[in-house]
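Trainee: input_26.pdb is the file, holding PDB, C-alpha atoms:
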ATOM      1  CA  MET I   1      15.662 -22.594  37.551  1.00  0.00           C
ATOM      2  CA  ALA I   2      16.534 -20.180  34.801  1.00  0.00           C
ATOM      3  CA  ALA I   3      13.731 -18.260  33.125  1.00  0.00           C
ATOM      4  CA  LYS I   4      13.012 -19.040  29.505  1.00  0.00           C
ATOM      5  CA  GLY I   5      14.377 -16.175  27.454  1.00  0.00           C
ATOM      6  CA  ALA I   6      13.472 -14.706  24.093  1.00  0.00           C
ATOM      7  CA  ARG I   7      15.973 -16.923  22.246  1.00  0.00           C
ATOM      8  CA  GLU I   8      14.450 -19.709  20.171  1.00  0.00           C
ATOM      9  CA  PRO I   9      16.097 -22.403  18.027  1.00  0.00           C
ATOM     10  CA  ILE I  10      15.886 -21.993  14.243  1.00  0.00           C
ATOM     11  CA  THR I  11      16.937 -24.103  11.251  1.00  0.00           C
ATOM     12  CA  LEU I  12      18.839 -22.699   8.268  1.00  0.00           C
ATOM     13  CA  GLU I  13      18.152 -24.068   4.778  1.00  0.00           C
ATOM     14  CA  CYS I  14      20.382 -23.749   1.694  1.00  0.00           C
ATOM     15  CA  THR I  15      18.664 -21.729  -1.045  1.00  0.00           C
ATOM     16  CA  GLU I  16      20.249 -23.772  -3.855  1.00  0.00           C
ATOM     17  CA  CYS I  17      19.912 -27.425  -2.806  1.00  0.00           C
ATOM     18  CA  LYS I  18      17.100 -26.870  -0.214  1.00  0.00           C
ATOM     19  CA  ARG I  19      18.834 -28.995   2.440  1.00  0.00           C
ATOM     20  CA  ARG I  20      18.647 -28.019   6.076  1.00  0.00           C
ATOM     21  CA  ASN I  21      22.268 -27.795   7.192  1.00  0.00           C
ATOM     22  CA  TYR I  22      22.503 -25.619  10.291  1.00  0.00           C
ATOM     23  CA  MET I  23      20.755 -25.204  13.641  1.00  0.00           C
ATOM     24  CA  THR I  24      21.201 -21.972  15.586  1.00  0.00           C
ATOM     25  CA  GLN I  25      19.334 -19.591  17.889  1.00  0.00           C
ATOM     26  CA  LYS I  26      18.026 -16.074  17.501  1.00  0.00           C
ATOM     27  CA  ASN I  27      16.381 -13.518  19.737  1.00  0.00           C
ATOM     28  CA  LYS I  28      12.759 -13.182  18.571  1.00  0.00           C
ATOM     29  CA  LYS I  29      12.307  -9.818  20.304  1.00  0.00           C
ATOM     30  CA  ASN I  30      15.244  -8.117  18.553  1.00  0.00           C
ATOM     31  CA  ASN I  31      15.027  -9.868  15.151  1.00  0.00           C
ATOM     32  CA  THR I  32      11.440 -10.386  14.070  1.00  0.00           C
ATOM     33  CA  GLU I  33      12.162 -10.909  10.351  1.00  0.00           C
ATOM     34  CA  ARG I  34      13.605 -14.104   8.868  1.00  0.00           C
ATOM     35  CA  LEU I  35      17.340 -14.550   9.045  1.00  0.00           C
ATOM     36  CA  GLU I  36      19.536 -14.822   5.905  1.00  0.00           C
ATOM     37  CA  VAL I  37      23.196 -15.783   6.297  1.00  0.00           C
ATOM     38  CA  ALA I  38      25.944 -16.713   3.811  1.00  0.00           C
ATOM     39  CA  LYS I  39      27.333 -20.056   5.008  1.00  0.00           C
ATOM     40  CA  TYR I  40      29.209 -23.023   3.543  1.00  0.00           C
ATOM     41  CA  CYS I  41      27.005 -25.848   2.235  1.00  0.00           C
ATOM     42  CA  LYS I  42      28.773 -29.213   2.331  1.00  0.00           C
ATOM     43  CA  TYR I  43      26.369 -30.651  -0.253  1.00  0.00           C
ATOM     44  CA  CYS I  44      26.863 -27.857  -2.827  1.00  0.00           C
ATOM     45  CA  LYS I  45      30.544 -27.597  -1.823  1.00  0.00           C
ATOM     46  CA  LYS I  46      30.423 -23.797  -1.918  1.00  0.00           C
ATOM     47  CA  ARG I  47      29.307 -20.778   0.059  1.00  0.00           C
ATOM     48  CA  THR I  48      25.590 -20.105  -0.439  1.00  0.00           C
ATOM     49  CA  THR I  49      22.801 -18.099   1.178  1.00  0.00           C
ATOM     50  CA  HIS I  50      20.969 -19.948   3.943  1.00  0.00           C
ATOM     51  CA  LYS I  51      17.491 -18.797   4.999  1.00  0.00           C
ATOM     52  CA  GLU I  52      15.573 -19.431   8.180  1.00  0.00           C
ATOM     53  CA  THR I  53      12.859 -22.087   7.950  1.00  0.00           C
ATOM     54  CA  LYS I  54      10.035 -23.026  10.286  1.00  0.00           C
TER      55      LYS I  54
END
Please express the file's structure as structure tokens.

Mentor:
Amino acid sequence: MAAKGAREPITLECTECKRRNYMTQKNKKNNTERLEVAKYCKYCKKRTTHKETK
């Protein structure tokens, strides 16, 4: 069996419409702060900032 690593699943939420659009993973040991990424929101129909949620 493979050992459980430092990568954990996170959800990204659009800052404009507050919908949770994306699921991804991040390494908790390397990136301790919350992730912010510019991604396309299909509900807003434009590129917006998506922040990590709990």

Trainee: Counting all atoms listed in the file, which of I:Lys45, I:Thr53, I:Glu16, I:Glu8 gets nearest to Lys29 (chain I)?

Mentor: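 Nearest candidate to Lys29 (chain I) out of I:Lys45, I:Thr53, I:Glu16, I:Glu8: I:Glu8.
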
Trainee: At what distance in Å, to one decimal, does CA of Arg7 (chain I) lie from CA of Thr48 (chain I)?

Mentor: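 Interatomic distance, CA of Thr48 (chain I) to CA of Arg7 (chain I): 24.8 Å.
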
Trainee: Pick the closest to Gly5 (chain I) from I:Asn21, I:Leu35, I:Lys26, I:Lys46: which is it, counting all atoms listed in the file?

Mentor: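 Distance minimum relative to Gly5 (chain I) lands on I:Lys26.
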
Trainee: Tell me, in Å to one decimal, how far CA of Val37 (chain I) is from CA of Thr15 (chain I).

Mentor: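 Here the two named atoms are 10.5 Å from each other.
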
Trainee: Where does the PyMOL selection byres ((chain I and resi 11) around 7) land in this file, that is, which residues does it pick, as a list in words?

Mentor: Ile10, Leu12, Glu13, Arg20, Tyr22, Met23, Thr24, Glu52 and Thr53 of chain I

Trainee: In file coordinates, which residues lie within 9 Å of (25.4, -30.9, 0.0) using only C-alpha atoms, given as a list in words?

Mentor: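 Residues lying no farther than 9 Å from the given point: Cys14, Cys17, Arg19, Asn21, Cys41, Lys42, Tyr43, Cys44, Lys45 and Lys46 of chain I.
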
Trainee: Could you tell me how far CA of Ala6 (chain I) sits from CA of Ala38 (chain I), in Å to one decimal place?

Mentor: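 Computing the Euclidean distance for CA of Ala38 (chain I) and CA of Ala6 (chain I) yields 23.9 Å.
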
Trainee: Taking all atoms listed in the file into account, which of I:Pro9, I:Lys18, I:Lys4, I:Thr32 comes nearest Lys54 (chain I)?

Mentor: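 Looking only at the distances to Lys54 (chain I), the closest residue turns out to be I:Pro9.
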
Trainee: The centre and edge lengths of an axis-aligned box containing all atoms of region 15-29 of chain I present in the file, extended by 4 Å on each side, are to be given in Å to one decimal, as JSON.

Mentor:
{"center_x": 17.4, "center_y": -19.4, "center_z": 8.2, "size_x": 18.2, "size_y": 27.2, "size_z": 32.2}
